[in-house]
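Here is the structure we will look at, set down as structure tokens.
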Amino acid sequence: MSDAILVEARGLGKRYRLPREHLLTPGALVHALHDVSFTLRTGTTLGIVGESGSGKSTLARLVMALEAPSAGRVLFEGRDLHALRADALRQARREFQMVFQDPFSSLDPRMSIARTVAEPLEKLDHVGRAERRERAAAMLDAVGLNAAQALDKVPHEFSGGQRQRIAIARALVTHPKLIVADEPVSALDVSVQAQVLNLMQDLQQRLGLTYLFISHDLAVIDRVADELIVLQRGSVVERGRPGDVLRAPAHPYTQRLLAAVPQPLWQHSA
Amino acid sequence: MNPGCVSSPLLDVSDLRVVLQTAHGPAEALRGVSLKLEHGGTLGLIGESGCGKSMTALALMGLLPEGATVSGSIRFEGRELTALSEDELCGLRGDRIAMVFQEPMTALNPLHPVGRQIAEPLRLHRGLDAAAARAEALRLLERVQLPSARERLDAYPHQLSGGQRQRVVIAIALACGPDLLIADEPTTALDTTIQREVLDLLDELRRDSGMALLLISHNLEVMAARVEQLSVMYGGAIVEEGPTRAVFERRAHPYTRGLFAARPRLGSDRGVPLATIAGRVPALHEMPAGCVFADRCPWVVDACRAAMPAAAVVGDGHCVRCIRWSALP
């Protein structure tokens with residue numbers, strides 16, 4: 001697509017202090033993320049791979065400006081996100097939205113789908129009720145749901161795959177440039193996972209979206225990512241194009257991840 | 001579904017039907033499930049959410065929801081389980097038949113140290129005193145290869161990682177040396193590398209103890225590596241069953257084919273969209289009358305909607321419930 005850099009992370013680090021265990025000594029420091037840098041070009045996908053506790057979700061929260069880094073910067077279109085004033089940051093938020101792993105807990109069970117999808121507009125754009133509903137309907141159509149039928153229902157009336165489509169529609173309603181997707185298909189069944197992955201790739205082509213795509217599933221990352229980063233205990237241990245990294249992993253940790261993927265020996269056809 | 005089988009298997013389920021009371025009235029959650037599992041054998045149940053895998057496990061354990069009606073037969077070591085009283089079932093559960101659940105954090109009691117939870121079935125079923133049960137709990141924790149087992153006896157579940165908790169759940173299941181272990185998505189909540197360690201552990205324990213394993217999973221790769229026999233479930237019915245290798249190679253049922261094609265594989269061409277199965281799993285009360293897969297099947301013909309297809313023999317011990325299996329490309 002284009003060569004413009006949308007997001008640049010420079011030397012990102014995050015330390016947390018654990019709750020104290022003794023009255024007079026402070027709790028221990030945990031380095032959740034250490035010196036992570038990357039550039040993400042408009043219209044491409046950066047895959048983040050690693051296991052629980054590797055820092056994947058911390059990285060997502062820093063890029064989304066949900067938390068402040070202990071070190072380093074996140075530049076979004078050249079602007080340091082964490083240096084923005086509160087109102088400027090709120091305005092900037094329309095440009096980057098998030099899709100979470102579990103579509104059962106990420107949607108408010110009592111809120112109608114119309115309101116769920118349009119909610120980001122309430123805070124970001126001062127658009128009227130009718131227009132919010134219209135834009136929610138357009139987004140539901142874009143993710144392959146029947147908007148006329150879906151708008152006035154509540155989440156429990158939908159299957160897991162449909163809920164993830166609703167979550168994607170909500171993320172897209174502000175016309176963001178970046179979507180941070182944290183394990184967006186891990187909770188879905190195989191056949192539904194395929195539908196959502198196809199949808200995300202299709203939306204990327206149609207809308208020129210940029211993805212930061214977090215997954216522990218190497219086959220999924222191989223499919224969606226233009227470049228990947230392997231995180232282990234908060235540090236980048238390997239990076240490159242998925243084809244290269246997964247064909248010839250250089251770091252022992254990547255080799256171990258790859259070896260853990262069960263390979264059915266007789267699954268050559270199909 | 002598989003007629004000419006060997007005599008007196010450990011577990012022999014035939015034509016198991018479960019009707020649940022739902023908001024839309026009674027609905028059939030299991031529609032004639034038949035399974036056989038030999039002593040020390042391994043059988044996989046594969047399928048997606050709502051296909052009836054977990055319902056099958058709950059029926060075997062006698063743990064179906066309130067108001068469920070069961071018909072058909074579940075014979076375990078020759079005893080008919082559907083006829084047993086709750087007391088008699090309690091004598092079997094955790095003793096001869098044990099279960100490992102998907103989410104170790106909800107399977108364990110957060111308020112009790114793990115050692116005590118492992119000791120519970122031993123005191124209940126074996127009548128061991130506290131000291132003997134604790135000693136046995138330590139031996140079990142060592143057997144499931146929990147590091148520093150002795151210190152961990154008094155640990156609470158929240159002090160352990162996900163993989164360690166699942167080892168504790170397995171230790172509880174193994175406590176009384178069951179003949180049958182039912183593992184319902186035992187590794188789905190775990191990281192890939194931990195997943196493999198836990199599955200390796202289950203394999204090893206099974207080989208050592210001679211217990212049989214009924215493994216429930218939606219993961220094709222896990223099944224390929226871990227079970228000898230495989231049953232594919234869809235819409236409360238077993239649509240294909242046979243030796244795992246034969247099922248993987250032949251993929252006689254259109255649903256089995258759909259599952260395989262949908263899975264992203266390393267090195268696949270990303271320009272080509274993943275194959276998907278049209279539509280979605282129907283709700284229990286809206287299951288079609290004939291073949292349960294008819295509404296989503298690319299090869300459907302009118303005759304498919306007439307009745308649930310009978311089992312057709314594809315190969316040695318390999319059966320499929322599809323009238324068109326021999327015509328598929």
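Identifiers for the structure tokens are assigned positionally: chains receive A, B, ... in sequence, residues are indexed from 1 per chain, and ligands are indexed from 1 in the order shown.
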Can you work out which residues from chain A touch chain B at a cut-off of 7 Å (counting only C-alpha atoms) and hand them back as a PyMOL selection string? chain A and resi 51-52+189-191+194-195+198+219-220+222-223+243+257+260-264+270
List as a list of chain:residue names the protein and nucleic acid residues near His82 (chain A), meaning an atom at most 12 Å away when only C-alpha atoms are counted, but skip any in the same chain fewer than 3 places from it. A:Ala9, A:Leu12, A:Arg61, A:Leu62, A:Val63, A:Met64, A:Ala65, A:Leu66, A:Glu67, A:Ala68, A:Pro69, A:Ser70, A:Ala71, A:Gly72, A:Arg73, A:Val74, A:Leu75, A:Phe76, A:Gly78, A:Arg79, A:Arg85, A:Ala86, A:Ala88, A:Leu89, A:Arg90, A:Ala92, A:Arg93
Among region 91-220 of chain A, which residues does DSSP mark as alpha helix (DSSP H) when it is run on the backbone? Keep the chain and numbering as in the structure and answer as an NGL selection string. :A and (91-92 or 113-124 or 129-142 or 147-150 or 160-172 or 190-207 or 218-220)
Mind dumping the selected residues with C-alpha atoms as an mmCIF file, in the first residue's frame?
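Saved the output as out.cif:
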data_model
loop_
_atom_site.group_PDB
_atom_site.id
_atom_site.type_symbol
_atom_site.label_atom_id
_atom_site.label_comp_id
_atom_site.auth_asym_id
_atom_site.auth_seq_id
_atom_site.Cartn_x
_atom_site.Cartn_y
_atom_site.Cartn_z
ATOM 1 C CA GLN A 91 -9.841 13.571 19.820
ATOM 2 C CA ALA A 92 -6.942 11.395 18.664
ATOM 3 C CA ILE A 113 -26.494 -3.358 19.500
ATOM 4 C CA ALA A 114 -27.323 0.078 18.032
ATOM 5 C CA ARG A 115 -26.035 1.790 21.170
ATOM 6 C CA THR A 116 -23.061 -0.599 21.565
ATOM 7 C CA VAL A 117 -21.793 0.102 18.066
ATOM 8 C CA ALA A 118 -22.477 3.854 18.160
ATOM 9 C CA GLU A 119 -21.081 4.398 21.663
ATOM 10 C CA PRO A 120 -17.641 5.632 20.542
ATOM 11 C CA LEU A 121 -19.407 8.377 18.543
ATOM 12 C CA GLU A 122 -21.156 9.742 21.635
ATOM 13 C CA LYS A 123 -17.866 10.890 23.096
ATOM 14 C CA LEU A 124 -15.874 11.603 19.974
ATOM 15 C CA ARG A 129 -29.015 10.296 17.670
ATOM 16 C CA ALA A 130 -30.388 9.593 14.206
ATOM 17 C CA GLU A 131 -27.000 9.887 12.557
ATOM 18 C CA ARG A 132 -25.384 7.667 15.192
ATOM 19 C CA ARG A 133 -27.947 4.976 14.481
ATOM 20 C CA GLU A 134 -27.387 5.383 10.747
ATOM 21 C CA ARG A 135 -23.627 5.021 11.070
ATOM 22 C CA ALA A 136 -24.030 2.005 13.363
ATOM 23 C CA ALA A 137 -26.275 0.392 10.740
ATOM 24 C CA ALA A 138 -23.740 1.088 7.987
ATOM 25 C CA MET A 139 -20.969 -0.535 10.039
ATOM 26 C CA LEU A 140 -23.077 -3.594 10.846
ATOM 27 C CA ASP A 141 -23.711 -4.025 7.128
ATOM 28 C CA ALA A 142 -19.990 -3.629 6.457
ATOM 29 C CA ALA A 147 -28.390 -4.223 10.394
ATOM 30 C CA ALA A 148 -32.183 -3.918 10.242
ATOM 31 C CA GLN A 149 -32.525 -7.089 12.300
ATOM 32 C CA ALA A 150 -29.565 -6.545 14.617
ATOM 33 C CA GLY A 160 -19.740 -15.796 19.385
ATOM 34 C CA GLY A 161 -18.781 -15.077 15.780
ATOM 35 C CA GLN A 162 -21.592 -12.560 15.350
ATOM 36 C CA ARG A 163 -20.586 -10.844 18.586
ATOM 37 C CA GLN A 164 -17.027 -10.508 17.353
ATOM 38 C CA ARG A 165 -18.412 -8.911 14.164
ATOM 39 C CA ILE A 166 -20.358 -6.476 16.364
ATOM 40 C CA ALA A 167 -17.163 -5.678 18.292
ATOM 41 C CA ILE A 168 -15.386 -5.024 14.984
ATOM 42 C CA ALA A 169 -18.255 -2.793 13.791
ATOM 43 C CA ARG A 170 -17.943 -0.782 17.010
ATOM 44 C CA ALA A 171 -14.199 -0.408 16.513
ATOM 45 C CA LEU A 172 -14.733 0.819 12.939
ATOM 46 C CA VAL A 190 -12.466 -23.019 13.808
ATOM 47 C CA SER A 191 -15.097 -22.328 11.140
ATOM 48 C CA VAL A 192 -16.117 -19.016 12.755
ATOM 49 C CA GLN A 193 -12.459 -18.047 13.158
ATOM 50 C CA ALA A 194 -12.048 -18.410 9.385
ATOM 51 C CA GLN A 195 -15.020 -16.101 8.752
ATOM 52 C CA VAL A 196 -13.688 -13.400 11.090
ATOM 53 C CA LEU A 197 -10.133 -13.620 9.687
ATOM 54 C CA ASN A 198 -11.490 -13.294 6.139
ATOM 55 C CA LEU A 199 -13.606 -10.320 7.234
ATOM 56 C CA MET A 200 -10.634 -8.572 8.845
ATOM 57 C CA GLN A 201 -8.493 -9.050 5.732
ATOM 58 C CA ASP A 202 -11.326 -7.863 3.496
ATOM 59 C CA LEU A 203 -11.902 -4.736 5.626
ATOM 60 C CA GLN A 204 -8.191 -4.007 5.569
ATOM 61 C CA GLN A 205 -8.209 -3.991 1.768
ATOM 62 C CA ARG A 206 -11.420 -2.006 1.426
ATOM 63 C CA LEU A 207 -10.696 0.614 4.085
ATOM 64 C CA LEU A 218 1.483 -18.868 14.687
ATOM 65 C CA ALA A 219 -0.679 -20.084 11.785
ATOM 66 C CA VAL A 220 -3.037 -17.135 12.260
#
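Residues of region 75-193 of chain A that DSSP places in strand (DSSP E or B), based on the backbone of this structure, are Leu75, Phe76, Arg79, Asp80, Phe96, Gln97, Met98, Val99, Leu178, Ile179, Val180, Ala181 and Asp182 of chain A.
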From the list B:Val314, B:Leu43, B:Cys304, B:Leu108, which residue is nearest Tyr156 (chain B) when using only C-alpha atoms?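 Of all the options, B:Leu108 lies closest to Tyr156 (chain B).
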Contacts of Pro329 (chain B) at 10 Å or less, counting only C-alpha atoms, minus same-chain residues fewer than 4 places along, as a PyMOL selection string? chain B and resi 252+299+325
